[in-house]
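Engineer: So I've got this file, query08.cif, and it contains mmCIF, C-alpha atoms:
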data_work
#
loop_
_atom_site.label_atom_id
_atom_site.label_comp_id
_atom_site.auth_asym_id
_atom_site.auth_seq_id
_atom_site.Cartn_x
_atom_site.Cartn_y
_atom_site.Cartn_z
CA MET A 1 125.57 172.38 151.12
CA HIS A 2 125.60 169.59 153.65
CA ALA A 3 122.70 168.56 155.80
CA LYS A 4 122.97 169.26 159.50
CA ASN A 5 119.56 167.78 160.21
CA GLN A 6 116.96 165.62 158.54
CA GLN A 7 114.92 168.62 157.47
CA SER A 8 117.73 170.46 155.65
CA ARG A 9 116.28 172.55 152.88
CA ILE A 10 117.77 174.83 150.29
CA ASN A 11 115.82 178.00 149.55
CA THR A 12 116.33 179.15 145.97
CA GLY A 13 114.10 182.18 146.29
CA ARG A 14 110.87 180.65 145.05
CA VAL A 15 111.39 176.94 145.54
CA THR A 16 112.55 175.13 148.66
CA MET A 17 114.25 171.79 148.00
CA THR A 18 115.78 169.12 150.21
CA LEU A 19 119.49 168.43 149.77
CA SER A 20 118.75 165.01 148.29
CA SER A 21 116.46 166.62 145.67
CA VAL A 22 119.19 169.11 144.71
CA ILE A 23 121.78 166.33 144.30
CA LYS A 24 119.38 164.23 142.22
CA ALA A 25 118.58 167.23 140.01
CA LEU A 26 122.24 168.19 139.53
CA GLY A 27 123.16 164.59 138.75
CA SER A 28 120.38 164.37 136.17
CA LEU A 29 121.38 167.67 134.57
CA SER A 30 125.02 166.57 134.43
CA LEU A 31 124.09 163.33 132.70
CA LEU A 32 121.74 165.13 130.28
CA PHE A 33 124.52 167.58 129.42
CA ALA A 34 126.93 164.72 128.77
CA ASP A 35 124.38 163.13 126.41
CA ALA A 36 123.75 166.38 124.50
CA SER A 37 124.13 166.49 120.74
CA PRO A 38 127.68 166.23 119.31
CA GLY A 39 127.55 169.84 118.07
CA ILE A 40 127.07 171.14 121.59
CA CYS A 41 129.56 168.78 123.23
CA SER A 42 132.33 169.58 120.77
CA ALA A 43 132.68 173.05 122.32
CA VAL A 44 133.07 171.57 125.81
CA PRO A 45 136.48 170.28 126.94
CA GLU A 46 136.60 166.56 127.53
CA TYR A 47 136.77 165.40 131.13
CA ALA A 48 137.23 161.99 132.65
CA ALA A 49 134.83 160.21 134.94
CA PRO A 50 135.84 160.44 138.61
CA ILE A 51 137.97 157.67 140.10
CA ILE A 52 137.64 156.75 143.78
CA LEU A 53 140.98 156.05 145.42
CA GLY A 54 141.27 152.64 147.07
CA PRO A 55 139.11 149.54 146.72
CA ASP A 56 135.47 149.60 145.55
CA TYR A 57 134.48 147.66 148.69
CA MET A 58 135.81 147.94 152.22
CA GLN A 59 134.93 146.25 155.47
CA ILE A 60 135.97 148.32 158.47
CA LYS A 61 136.24 147.13 162.05
CA ALA A 62 134.26 149.40 164.35
CA GLN A 63 133.67 149.55 168.08
CA PRO A 64 129.94 149.92 168.82
CA GLY A 65 129.25 152.84 171.11
CA LEU A 66 132.19 154.85 169.77
CA PRO A 67 132.29 157.43 166.95
CA LEU A 68 133.57 156.54 163.49
CA VAL A 69 134.36 158.64 160.41
CA LEU A 70 134.18 157.04 156.96
CA HIS A 71 136.34 158.71 154.30
CA CYS A 72 136.11 158.84 150.53
CA ASP A 73 138.73 160.38 148.23
CA ALA A 74 138.25 160.74 144.48
CA LEU A 75 140.53 161.87 141.67
CA THR A 76 139.09 164.70 139.63
CA GLU A 77 140.73 166.57 136.80
CA ARG A 78 142.12 170.01 137.57
CA GLY A 79 139.68 172.63 136.37
CA SER A 80 137.08 170.01 135.51
CA ASP A 81 133.36 170.50 135.62
CA LEU A 82 131.27 170.21 138.78
CA THR A 83 132.02 167.05 140.75
CA LEU A 84 129.70 165.97 143.56
CA VAL A 85 130.68 163.68 146.43
CA TYR A 86 127.94 162.35 148.67
CA TRP A 87 127.06 159.37 150.86
CA LEU A 88 124.14 156.95 150.84
CA ILE A 89 123.00 154.70 153.69
CA ASN A 90 121.41 151.52 152.34
CA GLY A 91 120.65 153.47 149.16
CA SER A 92 119.10 156.52 150.90
CA PHE A 93 120.48 159.98 151.59
CA PRO A 94 121.58 160.50 155.20
CA GLU A 95 118.98 163.20 155.79
CA ASP A 96 116.27 160.77 154.65
CA VAL A 97 117.36 158.06 157.13
CA HIS A 98 115.89 158.26 160.62
CA SER A 99 119.07 158.31 162.69
CA ASN A 100 118.18 161.21 165.02
CA ASP A 101 121.18 163.13 163.62
CA ARG A 102 123.48 160.30 164.71
CA ILE A 103 124.83 159.98 161.14
CA THR A 104 125.77 163.11 159.19
CA GLU A 105 127.84 164.05 156.17
CA LEU A 106 130.79 166.28 156.90
CA GLU A 107 131.71 169.13 154.58
CA THR A 108 133.46 168.03 151.39
CA PHE A 109 136.67 169.73 150.34
CA THR A 110 139.09 169.71 147.43
CA SER A 111 142.88 169.45 147.56
CA GLU A 112 144.91 172.60 146.89
CA ASP A 113 145.74 171.45 143.37
CA ASP A 114 142.06 170.62 142.59
CA THR A 115 142.85 166.97 141.80
CA ILE A 116 141.36 165.17 144.83
CA GLN A 117 137.93 165.67 146.30
CA HIS A 118 137.34 164.39 149.85
CA GLY A 119 134.02 163.54 151.52
CA SER A 120 133.36 162.01 154.94
CA LEU A 121 130.46 160.50 156.84
CA LEU A 122 130.32 160.79 160.64
CA LEU A 123 128.70 158.11 162.77
CA LYS A 124 128.50 159.80 166.18
CA ASN A 125 128.21 156.39 167.84
CA VAL A 126 128.25 153.05 166.04
CA THR A 127 125.28 150.77 166.78
CA VAL A 128 124.62 147.09 166.17
CA ASP A 129 122.25 148.14 163.35
CA ASP A 130 125.20 149.80 161.59
CA LEU A 131 126.82 146.36 161.29
CA ASN A 132 124.01 145.40 158.86
CA THR A 133 124.22 148.62 156.85
CA THR A 134 125.91 149.45 153.55
CA PHE A 135 127.42 152.92 153.40
CA THR A 136 128.07 154.07 149.83
CA CYS A 137 130.26 156.95 148.72
CA VAL A 138 129.12 158.29 145.34
CA VAL A 139 131.18 160.62 143.16
CA ILE A 140 129.53 162.02 140.04
CA ASN A 141 130.36 164.49 137.29
CA SER A 142 128.99 165.11 133.79
CA VAL A 143 131.04 162.24 132.35
CA GLY A 144 130.29 159.47 134.81
CA MET A 145 129.94 158.13 138.29
CA ALA A 146 131.99 156.03 140.69
CA HIS A 147 131.01 154.49 144.00
CA LYS A 148 132.55 152.66 146.94
CA ASN A 149 130.65 150.47 149.41
CA VAL A 150 131.66 150.24 153.05
CA THR A 151 130.33 147.79 155.62
CA LEU A 152 131.20 147.54 159.29
CA THR A 153 132.18 144.61 161.43
CA THR A 154 132.64 144.64 165.18
CA LYS A 155 136.08 144.62 166.76
CA ASP A 156 134.79 142.75 169.79
CA ASP A 157 132.34 139.81 169.79
CA SER A 158 131.56 140.42 173.46
CA PHE A 159 129.77 143.65 172.51
CA ALA A 160 127.23 141.65 170.51
CA CYS A 161 126.47 139.73 173.71
CA ILE A 162 126.06 142.95 175.69
CA GLU A 163 123.56 144.22 173.12
CA LYS A 164 121.65 140.92 173.11
CA ARG A 165 121.41 140.96 176.91
CA LYS A 166 119.76 144.41 176.73
CA TYR A 167 116.86 142.65 175.01
CA GLY A 168 116.80 139.68 177.39
CA VAL A 169 118.60 137.28 175.04
CA ARG A 170 121.08 134.93 176.69
CA CYS A 171 124.50 134.96 175.15
CA ASP A 172 127.86 133.39 175.94
CA PRO A 173 130.78 135.25 174.35
CA ILE A 174 133.22 133.17 172.35
#
So that I can check it, write out the structure of this file as structure tokens.
Structural biologist:
Amino acid sequence: MHAKNQQSRINTGRVTMTLSSVIKALGSLSLLFADASPGICSAVPEYAAPIILGPDYMQIKAQPGLPLVLHCDALTERGSDLTLVYWLINGSFPEDVHSNDRITELETFTSEDDTIQHGSLLLKNVTVDDLNTTFTCVVINSVGMAHKNVTLTTKDDSFACIEKRKYGVRCDPI
């Protein structure tokens, strides 16, 4: 269920929904289910909220003009309820951001023992604008949510000068 273009839609027979609408709806239903009355919840096994492996914030060095894949791994309980892993770009779903398909989510997968869920975001070529962007991995299930923010920094200050010169701005690299 991953978007391959900005107009990705899911046809449910009668209703066509964007991927972001489906994720929002599933997230809302999961949270409503978790808040259901005690009588209903007592019949449901207890699960833990997902835990993202690694730090909650990362700054990654990137080379503008080259591709980059951002990874997100989360612990989920074996046999647990539905767990969703998805990415946001400055708080918006990738298919809602006008990137001309330059940024896309890759297919998520689960480890063989069903304890780790993996999601990735592909930047086909890093731009200077990406250096001012927050990429957020979100993992959600009926019990809770976890997120990790990733920002990019350039590996090479001279690239910033090259980009500035494209727009007629004088720059002397450090």
Engineer: Do you have the CA of Ile116 in chain A-CA of Asp73 in chain A distance handy?
Structural biologist: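 Value for the CA of Ile116 in chain A-CA of Asp73 in chain A distance: 6.4 Å.
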Engineer: Let me make sure I understand: among A:Met145, A:Ile52, A:Cys137, A:Ala62, which one has the smallest atom-to-atom distance to Leu88 in chain A if we use all atoms listed in the file?
Structural biologist: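 Ranking A:Met145, A:Ile52, A:Cys137, A:Ala62 by distance to Leu88 in chain A, first place goes to A:Cys137.
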Engineer: Under the rule that all atoms listed in the file are counted, which of A:Ala48, A:Leu84, A:Ile89, A:Ala74 is the nearest residue to Asn149 in chain A?
Structural biologist: A:Ile89
Engineer: Would you kindly translate the PyMOL selection byres ((chain A and resi 119) around 8) into the concrete residues it picks from this file, as a compact mmCIF listing (two decimals) with C-alpha atoms, keeping the file's coordinate frame?
Structural biologist:
# COMPACT_ATOMS: atom_id res chain seq x y z
CA HIS A 71 136.34 158.71 154.30
CA CYS A 72 136.11 158.84 150.53
CA ASP A 73 138.73 160.38 148.23
CA VAL A 85 130.68 163.68 146.43
CA TYR A 86 127.94 162.35 148.67
CA GLU A 105 127.84 164.05 156.17
CA LEU A 106 130.79 166.28 156.90
CA GLU A 107 131.71 169.13 154.58
CA THR A 108 133.46 168.03 151.39
CA PHE A 109 136.67 169.73 150.34
CA GLN A 117 137.93 165.67 146.30
CA HIS A 118 137.34 164.39 149.85
CA SER A 120 133.36 162.01 154.94
CA LEU A 121 130.46 160.50 156.84
Engineer: Looking at A:Pro67, A:Lys124, A:Tyr57, A:Thr154, which one is nearest to Thr136 in chain A, with distances taken over only C-alpha atoms?
Structural biologist: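 Residue with the minimum atom-to-atom distance to Thr136 in chain A: A:Tyr57.
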Engineer: Have a look at CA of Val139 in chain A and CA of Asp56 in chain A and let me know their distance in Å, one decimal.
Structural biologist: 12.1 Å
Engineer: For the structure shown, which residues end up in the PyMOL selection byres ((chain A and resi 126) around 8)? Put them as a ChimeraX atom specification, please?
Structural biologist: /A:62-68,123-125,127-128,130
Engineer: Which one is closest to Pro50 in chain A: A:Thr153, A:Ser111, A:Asn90, A:Thr76? Count only C-alpha atoms.
Structural biologist: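 Between A:Thr153, A:Ser111, A:Asn90, A:Thr76, the residue approaching Pro50 in chain A most closely is A:Thr76.
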Engineer: Would you work out the distance separating CA of Gln59 in chain A from CA of Asn100 in chain A, expressed in Å to one decimal?
Structural biologist: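 Spanning CA of Gln59 in chain A to CA of Asn100 in chain A is a straight-line distance of 24.4 Å.
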Engineer: Since I can't run it myself right now, could you work out what the PyMOL selection byres ((chain A and resi 133) around 8) selects here and report it as an NGL selection string?
Structural biologist: :A and (89-90 or 129-132 or 134-135 or 151-152)
Engineer: Supply range 105-116 of chain A as a CSV table (one decimal), keeping the file's coordinate frame, with all heavy atoms built in where the input has gaps.
Structural biologist:
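Result file is result-v5.csv:
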chain,number,residue,atom,x,y,z
A,105,GLU,N,126.7,163.8,157.1
A,105,GLU,CA,127.8,164.0,156.2
A,105,GLU,C,128.6,165.2,156.7
A,105,GLU,O,128.0,166.2,157.1
A,105,GLU,CB,127.3,164.4,154.8
A,105,GLU,CG,126.8,163.2,154.0
A,105,GLU,CD,126.4,163.5,152.6
A,105,GLU,OE1,125.3,164.0,152.4
A,105,GLU,OE2,127.3,163.3,151.7
A,106,LEU,N,129.9,165.2,156.6
A,106,LEU,CA,130.8,166.3,156.9
A,106,LEU,C,131.0,167.1,155.6
A,106,LEU,O,130.8,166.6,154.5
A,106,LEU,CB,132.1,165.8,157.5
A,106,LEU,CG,132.0,165.0,158.8
A,106,LEU,CD1,133.3,164.5,159.3
A,106,LEU,CD2,131.3,165.8,159.9
A,107,GLU,N,131.5,168.3,155.7
A,107,GLU,CA,131.7,169.1,154.6
A,107,GLU,C,132.8,168.5,153.7
A,107,GLU,O,133.8,168.0,154.1
A,107,GLU,CB,132.2,170.5,155.0
A,107,GLU,CG,132.2,171.5,153.9
A,107,GLU,CD,132.4,172.9,154.4
A,107,GLU,OE1,132.1,173.2,155.6
A,107,GLU,OE2,132.9,173.7,153.6
A,108,THR,N,132.5,168.5,152.4
A,108,THR,CA,133.5,168.0,151.4
A,108,THR,C,134.5,169.1,151.1
A,108,THR,O,134.2,170.3,151.2
A,108,THR,CB,132.8,167.6,150.1
A,108,THR,OG1,132.1,168.7,149.5
A,108,THR,CG2,131.8,166.5,150.3
A,109,PHE,N,135.7,168.7,150.7
A,109,PHE,CA,136.7,169.7,150.3
A,109,PHE,C,137.5,169.2,149.2
A,109,PHE,O,137.6,168.0,149.0
A,109,PHE,CB,137.5,170.2,151.5
A,109,PHE,CG,138.3,169.1,152.2
A,109,PHE,CD1,139.6,168.8,151.8
A,109,PHE,CD2,137.7,168.4,153.3
A,109,PHE,CE1,140.3,167.8,152.4
A,109,PHE,CE2,138.5,167.4,153.9
A,109,PHE,CZ,139.8,167.1,153.5
A,110,THR,N,138.2,170.1,148.6
A,110,THR,CA,139.1,169.7,147.4
A,110,THR,C,140.5,170.0,147.8
A,110,THR,O,140.8,171.0,148.4
A,110,THR,CB,138.7,170.5,146.2
A,110,THR,OG1,137.3,170.3,145.9
A,110,THR,CG2,139.4,170.1,145.0
A,111,SER,N,141.5,169.2,147.3
A,111,SER,CA,142.9,169.4,147.6
A,111,SER,C,143.3,170.8,146.9
A,111,SER,O,142.6,171.3,146.0
A,111,SER,CB,143.7,168.3,147.0
A,111,SER,OG,143.6,168.2,145.6
A,112,GLU,N,144.4,171.3,147.4
A,112,GLU,CA,144.9,172.6,146.9
A,112,GLU,C,145.1,172.6,145.4
A,112,GLU,O,144.9,173.6,144.7
A,112,GLU,CB,146.2,173.0,147.6
A,112,GLU,CG,146.0,173.4,149.0
A,112,GLU,CD,147.3,173.9,149.6
A,112,GLU,OE1,148.2,174.4,148.9
A,112,GLU,OE2,147.5,173.7,150.9
A,113,ASP,N,145.5,171.5,144.8
A,113,ASP,CA,145.7,171.4,143.4
A,113,ASP,C,144.5,171.0,142.6
A,113,ASP,O,144.6,170.8,141.4
A,113,ASP,CB,146.9,170.6,143.0
A,113,ASP,CG,146.7,169.1,143.4
A,113,ASP,OD1,145.7,168.8,144.0
A,113,ASP,OD2,147.6,168.3,143.2
A,114,ASP,N,143.3,170.9,143.2
A,114,ASP,CA,142.1,170.6,142.6
A,114,ASP,C,142.0,169.2,141.9
A,114,ASP,O,141.3,169.0,141.0
A,114,ASP,CB,141.7,171.7,141.5
A,114,ASP,CG,141.3,173.0,142.1
A,114,ASP,OD1,140.8,173.0,143.3
A,114,ASP,OD2,141.4,174.0,141.4
A,115,THR,N,142.8,168.3,142.4
A,115,THR,CA,142.8,167.0,141.8
A,115,THR,C,142.2,165.9,142.7
A,115,THR,O,141.9,164.8,142.2
A,115,THR,CB,144.3,166.5,141.5
A,115,THR,OG1,145.1,166.5,142.7
A,115,THR,CG2,144.9,167.5,140.4
A,116,ILE,N,142.0,166.2,143.9
A,116,ILE,CA,141.4,165.2,144.8
A,116,ILE,C,140.2,165.8,145.6
A,116,ILE,O,140.4,166.9,146.2
A,116,ILE,CB,142.4,164.6,145.8
A,116,ILE,CG1,143.5,163.8,145.1
A,116,ILE,CG2,141.7,163.6,146.8
A,116,ILE,CD1,144.6,163.3,145.9
